[in-house]
Structure formats: structure tokens, C-alpha cells
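J.: target-v9.csv is the file, holding CSV, C-alpha atoms (C1' of nucleotides):
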chain,number,residue,atom,x,y,z
A,4,MET,CA,-11.3,-4.9,85.0
A,5,ALA,CA,-12.2,-1.8,83.2
A,6,LEU,CA,-11.6,-1.1,79.6
A,7,LYS,CA,-11.0,2.4,78.2
A,8,ILE,CA,-11.8,3.1,74.6
A,9,ILE,CA,-11.4,6.2,72.5
A,10,SER,CA,-12.8,7.0,69.0
A,11,TRP,CA,-11.3,9.8,67.0
A,12,ASN,CA,-11.4,11.1,63.5
A,13,ILE,CA,-7.8,12.2,63.5
A,14,ASN,CA,-7.7,13.6,59.9
A,15,SER,CA,-4.3,12.1,59.0
A,16,ILE,CA,-2.3,10.1,61.6
A,17,ARG,CA,1.0,11.3,60.2
A,18,ALA,CA,0.0,15.0,60.5
A,19,ARG,CA,-1.4,14.4,64.0
A,20,LEU,CA,1.1,12.0,65.6
A,21,SER,CA,2.1,14.4,68.4
A,22,HIS,CA,-1.6,14.9,69.2
A,23,LEU,CA,-2.2,11.2,69.3
A,24,LYS,CA,0.7,10.6,71.7
A,25,LYS,CA,-0.7,13.3,74.0
A,26,ILE,CA,-4.1,11.7,74.1
A,27,LEU,CA,-2.6,8.3,74.7
A,28,ARG,CA,-0.4,9.6,77.5
A,29,THR,CA,-3.2,11.5,79.1
A,30,TYR,CA,-6.0,9.0,78.9
A,31,ASN,CA,-4.1,5.8,78.6
A,32,PRO,CA,-6.9,4.0,76.7
A,33,ASP,CA,-6.7,0.3,76.1
A,34,LEU,CA,-8.0,0.8,72.6
A,35,ILE,CA,-8.2,3.7,70.3
A,36,CYS,CA,-10.3,3.6,67.1
A,37,LEU,CA,-9.1,6.1,64.5
A,38,GLN,CA,-10.8,7.3,61.3
A,39,GLU,CA,-9.3,9.2,58.4
A,40,THR,CA,-5.8,7.9,59.1
A,41,LYS,CA,-5.0,8.8,55.4
A,42,VAL,CA,-2.2,6.3,55.2
A,43,THR,CA,-1.6,2.8,53.8
A,44,ASN,CA,-1.0,0.0,56.2
A,45,GLU,CA,2.7,-0.2,55.1
A,46,LYS,CA,3.3,3.4,56.0
A,47,PHE,CA,1.3,3.4,59.3
A,48,PRO,CA,3.7,4.8,62.0
A,49,LYS,CA,3.6,1.8,64.2
A,50,GLU,CA,7.0,2.1,65.8
A,51,LYS,CA,6.3,5.6,67.1
A,52,ILE,CA,3.2,4.3,68.9
A,53,LYS,CA,4.6,1.0,70.2
A,54,SER,CA,6.9,2.9,72.5
A,55,LEU,CA,3.8,4.1,74.4
A,56,GLY,CA,2.7,0.6,75.2
A,57,TYR,CA,0.5,-0.1,72.1
A,58,GLU,CA,1.7,-3.3,70.4
A,59,PHE,CA,-1.2,-4.4,68.4
A,60,PHE,CA,-2.4,-2.7,65.2
A,61,TYR,CA,-5.5,-3.6,63.2
A,62,LEU,CA,-5.4,-1.6,60.0
A,63,ASN,CA,-7.6,-0.9,57.0
A,64,GLY,CA,-5.9,1.9,55.2
A,65,ILE,CA,-5.8,3.2,51.6
A,66,PRO,CA,-3.7,5.9,50.1
A,67,SER,CA,-4.5,9.6,50.5
A,68,TYR,CA,-7.9,9.5,52.2
A,69,ASN,CA,-10.3,7.6,54.5
A,70,GLY,CA,-8.7,4.7,56.4
A,71,VAL,CA,-9.5,3.3,59.8
A,72,SER,CA,-7.5,1.5,62.5
A,73,ILE,CA,-7.8,0.1,66.0
A,74,ILE,CA,-4.6,0.4,68.1
A,75,SER,CA,-4.6,-1.8,71.2
A,76,LYS,CA,-2.6,-2.7,74.3
A,77,ILE,CA,-4.2,-6.1,74.3
A,78,LYS,CA,-4.0,-8.7,71.6
A,79,ALA,CA,-7.3,-9.3,69.9
A,80,ASP,CA,-8.5,-12.9,69.3
A,81,ASN,CA,-9.7,-12.0,65.8
A,82,SER,CA,-10.2,-9.1,63.5
A,83,GLY,CA,-12.3,-8.4,60.4
A,84,ILE,CA,-13.3,-6.0,57.7
A,85,ILE,CA,-16.8,-5.6,56.3
A,86,GLU,CA,-17.0,-3.9,52.9
A,87,TRP,CA,-20.3,-2.1,52.9
A,88,CYS,CA,-21.0,-0.9,49.3
A,89,GLN,CA,-18.1,-3.1,48.1
A,90,ASN,CA,-15.7,-0.2,47.6
A,91,ASN,CA,-12.6,-1.4,49.4
A,92,ASP,CA,-12.3,2.2,50.7
A,93,GLY,CA,-11.1,1.8,54.3
A,94,ARG,CA,-14.3,2.4,56.2
A,95,HIS,CA,-14.5,-0.5,58.7
A,96,ILE,CA,-12.3,-2.6,61.0
A,97,SER,CA,-13.5,-4.8,63.9
A,98,ILE,CA,-11.8,-6.9,66.5
A,99,LEU,CA,-12.9,-9.6,68.9
A,100,LEU,CA,-11.3,-9.2,72.4
A,101,ARG,CA,-12.3,-12.2,74.6
A,102,ASN,CA,-16.1,-11.9,74.5
A,103,LEU,CA,-16.2,-8.2,73.4
A,104,THR,CA,-16.7,-7.1,69.8
A,105,LEU,CA,-15.6,-3.6,68.7
A,106,HIS,CA,-16.5,-2.1,65.3
A,107,ASN,CA,-14.8,1.0,64.1
A,108,ILE,CA,-16.9,2.6,61.3
A,109,TYR,CA,-16.4,5.6,59.0
A,110,ILE,CA,-19.6,6.4,57.3
A,111,PRO,CA,-19.2,8.4,54.0
A,112,ALA,CA,-19.5,12.2,54.4
A,113,GLY,CA,-21.8,12.5,51.4
A,114,GLY,CA,-20.5,15.6,49.6
A,115,GLU,CA,-22.4,18.9,49.3
A,116,LEU,CA,-25.7,18.6,47.5
A,117,PRO,CA,-28.3,16.7,49.4
A,118,ASP,CA,-29.8,15.0,46.3
A,119,PRO,CA,-28.9,11.4,45.6
A,120,LYS,CA,-29.9,11.9,41.9
A,121,LEU,CA,-27.4,14.7,41.4
A,122,ASN,CA,-24.8,13.8,43.9
A,123,GLN,CA,-23.2,10.3,43.8
A,124,LYS,CA,-21.5,10.8,47.1
A,125,PHE,CA,-24.8,11.4,48.9
A,126,LYS,CA,-26.2,8.3,47.0
A,127,HIS,CA,-23.3,6.3,48.4
A,128,LYS,CA,-23.9,7.5,51.9
A,129,LEU,CA,-27.5,6.5,51.8
A,130,LYS,CA,-26.7,3.1,50.4
A,131,PHE,CA,-24.0,2.6,53.0
A,132,LEU,CA,-26.6,3.4,55.7
A,133,ASP,CA,-29.1,1.0,54.1
A,134,GLU,CA,-26.5,-1.8,54.1
A,135,LEU,CA,-25.6,-1.0,57.7
A,136,ILE,CA,-29.3,-1.3,58.7
A,137,SER,CA,-29.5,-4.7,56.9
A,138,TRP,CA,-26.4,-5.9,58.7
A,139,SER,CA,-27.6,-4.6,62.1
A,140,THR,CA,-31.1,-6.1,61.6
A,141,SER,CA,-29.8,-9.5,60.7
A,142,LYS,CA,-27.9,-10.0,63.9
A,143,THR,CA,-28.4,-10.2,67.6
A,144,PHE,CA,-25.6,-8.2,69.2
A,145,LYS,CA,-24.1,-9.3,72.5
A,146,LYS,CA,-21.3,-7.4,74.2
A,147,THR,CA,-20.7,-5.3,71.2
A,148,ILE,CA,-19.6,-1.7,70.7
A,149,ILE,CA,-19.9,0.2,67.4
A,150,CYS,CA,-18.2,3.6,67.2
A,151,GLY,CA,-16.7,6.0,64.8
A,152,ASP,CA,-17.3,9.0,62.6
A,153,PHE,CA,-20.9,8.4,61.5
A,154,ASN,CA,-21.0,11.8,59.8
A,155,ILE,CA,-24.6,12.4,60.9
A,156,ALA,CA,-25.9,14.6,63.7
A,157,PRO,CA,-29.2,12.8,64.4
A,158,PHE,CA,-31.1,15.1,66.7
A,159,PRO,CA,-32.0,18.8,66.5
A,160,GLU,CA,-29.8,19.6,69.5
A,161,ASP,CA,-26.8,17.8,67.8
A,162,VAL,CA,-26.1,20.9,65.6
A,163,TRP,CA,-25.7,24.6,66.4
A,164,SER,CA,-28.8,25.4,64.4
A,165,HIS,CA,-31.4,22.8,63.4
A,166,LYS,CA,-33.1,25.4,61.3
A,167,GLN,CA,-30.1,26.5,59.3
A,168,LEU,CA,-28.7,23.0,58.9
A,169,LYS,CA,-31.8,20.9,58.1
A,170,ASN,CA,-30.9,20.9,54.4
A,171,THR,CA,-27.2,20.4,54.9
A,172,ILE,CA,-25.6,17.0,54.6
A,173,SER,CA,-25.0,15.4,58.0
A,174,HIS,CA,-28.4,16.8,59.3
A,175,THR,CA,-30.9,16.2,56.5
A,176,GLU,CA,-34.2,14.4,57.5
A,177,ILE,CA,-33.4,11.3,55.4
A,178,GLU,CA,-30.0,10.8,57.0
A,179,ARG,CA,-31.2,11.5,60.5
A,180,GLN,CA,-34.1,9.0,60.0
A,181,LYS,CA,-31.7,6.3,58.6
A,182,LEU,CA,-29.3,6.7,61.6
A,183,ILE,CA,-32.2,6.4,64.0
A,184,ASP,CA,-33.5,3.4,62.1
A,185,LEU,CA,-30.0,1.9,62.4
A,186,GLN,CA,-30.0,2.6,66.1
A,187,LYS,CA,-33.3,0.9,66.6
A,188,SER,CA,-32.4,-2.1,64.3
A,189,GLY,CA,-29.7,-3.3,66.7
A,190,PHE,CA,-31.2,-2.0,69.9
A,191,TRP,CA,-28.1,0.2,70.2
A,192,SER,CA,-27.7,2.7,73.0
A,193,ASP,CA,-26.2,6.1,72.1
A,194,ILE,CA,-24.2,6.4,75.3
A,195,ILE,CA,-22.6,9.8,74.6
A,196,LYS,CA,-26.1,11.3,74.3
A,197,GLU,CA,-27.5,9.3,77.3
A,198,ARG,CA,-24.6,10.1,79.6
A,199,ILE,CA,-23.6,13.7,78.9
A,200,LYS,CA,-25.2,16.4,81.0
A,201,SER,CA,-27.4,18.7,78.9
A,202,THR,CA,-25.4,21.7,80.1
A,203,ASP,CA,-22.1,20.2,78.6
A,204,ASN,CA,-20.9,20.4,75.1
A,205,LEU,CA,-22.4,17.8,72.8
A,206,PHE,CA,-20.5,18.6,69.6
A,207,THR,CA,-17.6,16.5,68.3
A,208,TRP,CA,-16.8,18.4,65.2
A,209,TRP,CA,-16.2,22.1,64.3
A,210,SER,CA,-15.5,23.2,60.7
A,211,TYR,CA,-12.0,24.4,59.9
A,212,ARG,CA,-13.7,27.2,57.9
A,213,SER,CA,-14.7,29.1,61.0
A,214,LYS,CA,-11.9,31.1,62.5
A,215,ASN,CA,-13.2,31.4,66.1
A,216,PHE,CA,-14.9,28.1,66.4
A,217,LYS,CA,-15.2,28.5,70.2
A,218,ILE,CA,-16.9,31.9,70.0
A,219,ASN,CA,-19.7,31.1,67.6
A,220,ASN,CA,-19.6,27.4,68.5
A,221,ARG,CA,-21.0,26.2,65.2
A,222,GLY,CA,-20.4,22.5,65.9
A,223,ARG,CA,-22.1,19.2,65.2
A,224,ARG,CA,-22.3,15.8,66.9
A,225,LEU,CA,-21.0,13.5,64.2
A,226,ASP,CA,-19.0,11.0,66.2
A,227,HIS,CA,-20.7,8.3,68.1
A,228,ILE,CA,-20.2,5.4,70.5
A,229,TRP,CA,-23.1,2.9,70.6
A,230,ILE,CA,-23.3,-0.2,72.7
A,231,SER,CA,-25.4,-3.3,72.8
A,232,GLU,CA,-28.1,-3.5,75.4
A,233,ASP,CA,-26.4,-6.0,77.6
A,234,LEU,CA,-23.4,-3.7,78.1
A,235,LYS,CA,-25.5,-0.8,79.5
A,236,LYS,CA,-25.0,-1.8,83.1
A,237,ASN,CA,-21.2,-1.9,82.5
A,238,ILE,CA,-20.7,1.7,81.5
A,239,ILE,CA,-18.5,3.6,84.0
A,240,GLY,CA,-18.3,6.9,82.2
A,241,VAL,CA,-18.1,8.8,78.9
A,242,LYS,CA,-16.4,12.0,77.8
A,243,ILE,CA,-16.1,14.3,74.8
A,244,ILE,CA,-12.4,15.4,74.9
A,245,ASP,CA,-13.2,18.7,73.2
A,246,TYR,CA,-10.2,20.8,74.2
A,247,THR,CA,-8.1,19.1,71.5
A,248,ARG,CA,-9.9,21.4,69.0
A,249,GLU,CA,-8.0,24.3,70.6
A,250,TRP,CA,-4.6,22.8,70.0
A,251,GLU,CA,-2.2,23.9,67.3
A,252,LYS,CA,-3.2,22.4,63.9
A,253,PRO,CA,-6.0,20.3,65.3
A,254,SER,CA,-8.2,17.7,63.7
A,255,ASP,CA,-11.6,19.1,63.0
A,256,HIS,CA,-13.1,16.2,65.1
A,257,VAL,CA,-12.4,15.6,68.8
A,258,PRO,CA,-11.9,12.3,70.6
A,259,ILE,CA,-14.8,10.6,72.4
A,260,PHE,CA,-14.2,8.3,75.3
A,261,VAL,CA,-15.9,5.5,77.1
A,262,GLU,CA,-14.9,3.4,80.1
A,263,ILE,CA,-16.6,0.1,80.6
A,264,LYS,CA,-16.4,-2.8,83.0
A,265,PHE,CA,-14.9,-5.8,81.2
B,22,DA,C1',-24.9,24.6,44.5
B,23,DT,C1',-22.2,31.5,49.4
B,24,DG,C1',-17.2,31.3,51.3
B,25,DG,C1',-14.6,30.1,54.5
B,26,DC,C1',-9.8,25.9,55.9
B,27,DA,C1',-6.7,21.6,55.9
B,28,DA,C1',-4.2,17.3,54.2
B,29,DA,C1',-2.4,14.3,50.6
B,30,DT,C1',-0.6,13.8,46.2
B,31,DT,C1',1.9,15.6,42.7
B,32,DG,C1',5.0,19.1,41.5
B,33,DA,C1',0.8,24.8,41.6
B,34,DA,C1',-3.3,22.5,41.2
B,35,DT,C1',-6.6,19.1,42.3
B,36,DT,C1',-9.3,16.0,45.3
B,37,DT,C1',-11.4,15.0,49.6
B,38,DG,C1',-13.6,16.2,53.6
B,39,DA,C1',-18.8,17.9,55.8
Translate the structure described by the file into C-alpha cells.

T.:
Amino acid sequence: MALKIISWNINSIRARLSHLKKILRTYNPDLICLQETKVTNEKFPKEKIKSLGYEFFYLNGIPSYNGVSIISKIKADNSGIIEWCQNNDGRHISILLRNLTLHNIYIPAGGELPDPKLNQKFKHKLKFLDELISWSTSKTFKKTIICGDFNIAPFPEDVWSHKQLKNTISHTEIERQKLIDLQKSGFWSDIIKERIKSTDNLFTWWSYRSKNFKINNRGRRLDHIWISEDLKKNIIGVKIIDYTREWEKPSDHVPIFVEIKF
DNA sequence: ATGGCAAATTGAATTTGA
């Protein structure tokens, strides 16, 4: 059988519930990984999603901000949370589904100023990446997918202007290098990059601060789906569902999609 | 260390995002 998986930084599940339902109805994914749910586990709107055929909820939420979840049609055999940087700040949830492992990760944004000495948020982001690299290096991944909002656009073509953004957090040299190191450390395949035609849109995020995002197209590729080597032969297709950015009151991130033989 | 917008929380102003 085939498994359909979506990853999406929804920027508040409660503010975006109608959009979530639309995506679930249209793409009918087996699993959806959300980031920035901005809700505690108690207040997570489970009942409104169950009616669409999603019975299983794996939640790591905190009040007000951050928060990740995996919503599933299929019952997982196990689930877990890793606390990189020991902050209990709702940035990871994973499930084991038969022999497949899925990690949903929300890497810190890192604030404004790209100097870890002056900006604690950037320091946190770099430390989080270092801990991810240690974790990834220490294991041999089989049938594993890691996805989420990584908050880094690793390659020059992953931003609207490499020149203008090379000193902006999400595209600085040190972050890009760490993300590439992370990718190498687990032999991960960046399947969105590998599978999307060069003529198609690569971006997954456009700032709210630009009125006509479609016209100047100042986007970035911050959201990622990576797979372990042994799954490469199983990929059926990938997609960036970018038209959601044109909806009324959208998330600033758009969903990314993979279909995989399972 | 431009300004621009959006959501949550608390109660018009602040924090967070990137």
C-alpha cells in the first residue's frame, strides 16, 4: 500500500482549522505533521478532525507558541518526544508505524540578529542543530522520515535572493552548513529538492510582510521532508501545495506532501 | 539591528515568528 504524508507549519491550528479540513479532504493524507499548532494538548481540537477519519493524535503542545503534532488515520505502535536543548518547548514528536519511523521537527527560528553572542535565540538555534547532528550521527536510520519546519533554506536557489539574504537568519552560511552537515550525518535524502522540477516553485514560505507575495515572490524553502536511504526506491511523488498561500488568512508556510510505498 | 504582517495572551500592549 501507499502512504501519503503532509508536513505543514499551520501557524495556529485553531485559527486555521478550516484550512486544515480543506487540505485533509483534498489530499486525504494518512498522516499530517503540523508545526506551530500554538495550543496545549488539552485544547487541541480533536473532535473537529475526527469526523474526517483521523482518530489518532500524537501531541506535543505548549501554550501560545510552538507546538507540534502528528494526526493519523492509522494507530501508531509507539510515539516519543526528544527534548533537544532540554527546553520542553514543543519542537518534536515521533511515531513508529509498523516498521516506519516518522519524526516531526520544528527547528527554532533564531530571531533577527545573526550573532550567537548577541542573540540568545540564534545561539539556541545553532545548539539545537548541533544536538540534531549528534543524534543523527549516533544512529543508523532505517525506514525513517524526518520532516517539518527546519527554518533554514540550505541552498542559494532556496531563497529569492541569495545575495540579499546571505546575512539573514534562515540563510546564513553557518546555518546552511549545519543543515547540510545534518543531512550528511544521517545519509538523508532531501526529496523535495530531488524530485521537484527546476521550473516549479521551490519555496514553502512567504512573509506576511509583503502584500503581493505572488508578484515579487520573495519566498524561501524552509520546510523539508528527508528520508533514509533505504526508502528512496519507495517514493511515488512529492508536491509543494503552494496555492494555500493565496487563501483568505493563510499560514505563511504551505504544506509539503510525499507519497511513499509502504 | 529598515519596515512591513499575524496570532496568542491579556485586556491596548507585548511576545513570538523569520

J.: Residues near range 23-39 of chain B, anyone? I mean within 8 Å using all atoms listed in the file, not counting same-chain ones fewer than 3 positions away, as a PDB file with C-alpha atoms, keeping the file's coordinate frame.

T.:
ATOM      1  CA  ASN A  14      -7.700  13.600  59.900  1.00  0.00           C
ATOM      2  CA  SER A  15      -4.300  12.100  59.000  1.00  0.00           C
ATOM      3  CA  ALA A  18       0.000  15.000  60.500  1.00  0.00           C
ATOM      4  CA  LYS A  41      -5.000   8.800  55.400  1.00  0.00           C
ATOM      5  CA  SER A  67      -4.500   9.600  50.500  1.00  0.00           C
ATOM      6  CA  TYR A  68      -7.900   9.500  52.200  1.00  0.00           C
ATOM      7  CA  ALA A 112     -19.500  12.200  54.400  1.00  0.00           C
ATOM      8  CA  GLY A 113     -21.800  12.500  51.400  1.00  0.00           C
ATOM      9  CA  GLY A 114     -20.500  15.600  49.600  1.00  0.00           C
ATOM     10  CA  GLU A 115     -22.400  18.900  49.300  1.00  0.00           C
ATOM     11  CA  ASN A 154     -21.000  11.800  59.800  1.00  0.00           C
ATOM     12  CA  ILE A 172     -25.600  17.000  54.600  1.00  0.00           C
ATOM     13  CA  SER A 173     -25.000  15.400  58.000  1.00  0.00           C
ATOM     14  CA  SER A 210     -15.500  23.200  60.700  1.00  0.00           C
ATOM     15  CA  TYR A 211     -12.000  24.400  59.900  1.00  0.00           C
ATOM     16  CA  ARG A 212     -13.700  27.200  57.900  1.00  0.00           C
ATOM     17  CA  SER A 213     -14.700  29.100  61.000  1.00  0.00           C
TER      18      SER A 213
END

J.: Please identify every residue of chain A that has at least one atom no more than 12 Å from any atom of chain B, counting all atoms listed in the file, and report them as a ChimeraX atom specification.

T.: /A:12-19,39-43,65-69,110-118,121-122,124-125,152-156,168,171-174,208-216,222-225,252-256

J.: Could you name the residues that touch Ser231 in chain A at 6 Å or less, counting all atoms listed in the file, but leaving out those on the same chain fewer than 5 positions away, as an NGL selection string?

T.: :A and (146-147 or 191)

J.: Restricting the output to C-alpha atoms, write the selected residues as a short mmCIF file (atom, residue, chain, number, x, y, z; two decimals), keeping the file's coordinate frame.

T.:
data_model
loop_
_atom_site.label_atom_id
_atom_site.label_comp_id
_atom_site.auth_asym_id
_atom_site.auth_seq_id
_atom_site.Cartn_x
_atom_site.Cartn_y
_atom_site.Cartn_z
CA LYS A 146 -21.30 -7.40 74.20
CA THR A 147 -20.70 -5.30 71.20
CA TRP A 191 -28.10 0.20 70.20
#

J.: Looking at all atoms listed in the file, which of A:Leu23, A:Val257, A:Ile239, A:Leu62 is the one that sits closest to Lys7 in chain A?

T.: A:Ile239

J.: Mind pulling up the distance from CA of Phe144 in chain A to CA of Lys76 in chain A?

T.: 24.2 Å

J.: Could you tell me which of A:Ile52, A:Ile98, A:Ile26, A:Val162 comes closest to Thr247 in chain A if we count all atoms listed in the file?

T.: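 Using all atoms listed in the file, Thr247 in chain A sits closest to A:Ile26.
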
J.: CA of Ile259 in chain A and CA of Ile35 in chain A are how many Å apart?

T.: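 Computing it gives 9.8 Å between the two atoms.
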
J.: Take CA of Tyr61 in chain A and CA of Ile148 in chain A and report the distance between them in Å, one decimal.

T.: 16.1 Å

J.: Using only C-alpha atoms (C1' of nucleotides), which residues sit within 12 Å of Ser10 in chain A once same-chain residues fewer than 2 positions away are excluded, as a PyMOL selection string?

T.: chain A and resi 7-8+12-13+23+26-27+32-39+71-74+105-109+148-153+195+207+225-229+241-244+256-262

J.: Using only C-alpha atoms, pick whichever of A:Asp133, A:Glu50, A:Asp161, A:Asp80 has the shortest atom-to-atom distance to Leu182 in chain A.

T.: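 Closest to Leu182 in chain A, using only C-alpha atoms: A:Asp133.
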
J.: Would you please work out which residue, of A:Lys264, A:Arg198, A:Lys217, A:Lys166, is nearest to Asp245 in chain A when using only C-alpha atoms?

T.: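 Closest to Asp245 in chain A, using only C-alpha atoms: A:Lys217.
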
J.: Missing atoms in range 19-40 of chain A: can you complete it with N, CA and C atoms, as a short mmCIF file (atom, residue, chain, number, x, y, z; two decimals), keeping the file's coordinate frame?

T.:
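Output below, filename part04.cif:
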data_model
loop_
_atom_site.label_atom_id
_atom_site.label_comp_id
_atom_site.auth_asym_id
_atom_site.auth_seq_id
_atom_site.Cartn_x
_atom_site.Cartn_y
_atom_site.Cartn_z
N ARG A 19 -0.84 14.24 62.64
CA ARG A 19 -1.40 14.40 64.00
C ARG A 19 -0.72 13.53 65.03
N LEU A 20 0.46 13.00 64.71
CA LEU A 20 1.10 12.00 65.60
C LEU A 20 1.34 12.55 66.99
N SER A 21 1.78 13.79 67.08
CA SER A 21 2.10 14.40 68.40
C SER A 21 0.76 14.49 69.22
N HIS A 22 -0.33 14.81 68.55
CA HIS A 22 -1.60 14.90 69.20
C HIS A 22 -2.07 13.53 69.74
N LEU A 23 -1.86 12.53 68.88
CA LEU A 23 -2.20 11.20 69.30
C LEU A 23 -1.47 10.74 70.51
N LYS A 24 -0.17 11.01 70.52
CA LYS A 24 0.70 10.60 71.70
C LYS A 24 0.18 11.31 72.95
N LYS A 25 -0.17 12.58 72.81
CA LYS A 25 -0.70 13.30 74.00
C LYS A 25 -1.94 12.72 74.53
N ILE A 26 -2.83 12.33 73.64
CA ILE A 26 -4.10 11.70 74.10
C ILE A 26 -3.82 10.35 74.72
N LEU A 27 -2.91 9.58 74.12
CA LEU A 27 -2.60 8.30 74.70
C LEU A 27 -1.96 8.38 76.06
N ARG A 28 -1.06 9.35 76.21
CA ARG A 28 -0.40 9.60 77.50
C ARG A 28 -1.39 10.05 78.55
N THR A 29 -2.28 10.93 78.14
CA THR A 29 -3.20 11.50 79.10
C THR A 29 -4.29 10.58 79.55
N TYR A 30 -4.87 9.84 78.61
CA TYR A 30 -6.00 9.00 78.90
C TYR A 30 -5.72 7.55 79.05
N ASN A 31 -4.57 7.15 78.52
CA ASN A 31 -4.10 5.80 78.60
C ASN A 31 -5.21 4.76 78.24
N PRO A 32 -5.86 4.97 77.09
CA PRO A 32 -6.90 4.00 76.70
C PRO A 32 -6.32 2.66 76.35
N ASP A 33 -7.11 1.62 76.55
CA ASP A 33 -6.70 0.30 76.10
C ASP A 33 -6.76 0.14 74.62
N LEU A 34 -7.74 0.84 74.07
CA LEU A 34 -8.00 0.80 72.60
C LEU A 34 -8.32 2.14 72.10
N ILE A 35 -7.78 2.43 70.92
CA ILE A 35 -8.20 3.70 70.30
C ILE A 35 -8.58 3.36 68.81
N CYS A 36 -9.79 3.80 68.45
CA CYS A 36 -10.30 3.60 67.10
C CYS A 36 -10.10 4.93 66.35
N LEU A 37 -9.38 4.89 65.25
CA LEU A 37 -9.10 6.10 64.50
C LEU A 37 -9.83 6.02 63.13
N GLN A 38 -10.28 7.19 62.66
CA GLN A 38 -10.80 7.30 61.30
C GLN A 38 -10.04 8.38 60.57
N GLU A 39 -10.09 8.31 59.26
CA GLU A 39 -9.30 9.20 58.40
C GLU A 39 -7.84 9.21 58.74
N THR A 40 -7.28 8.02 58.82
CA THR A 40 -5.80 7.90 59.10
C THR A 40 -5.04 8.37 57.85
#
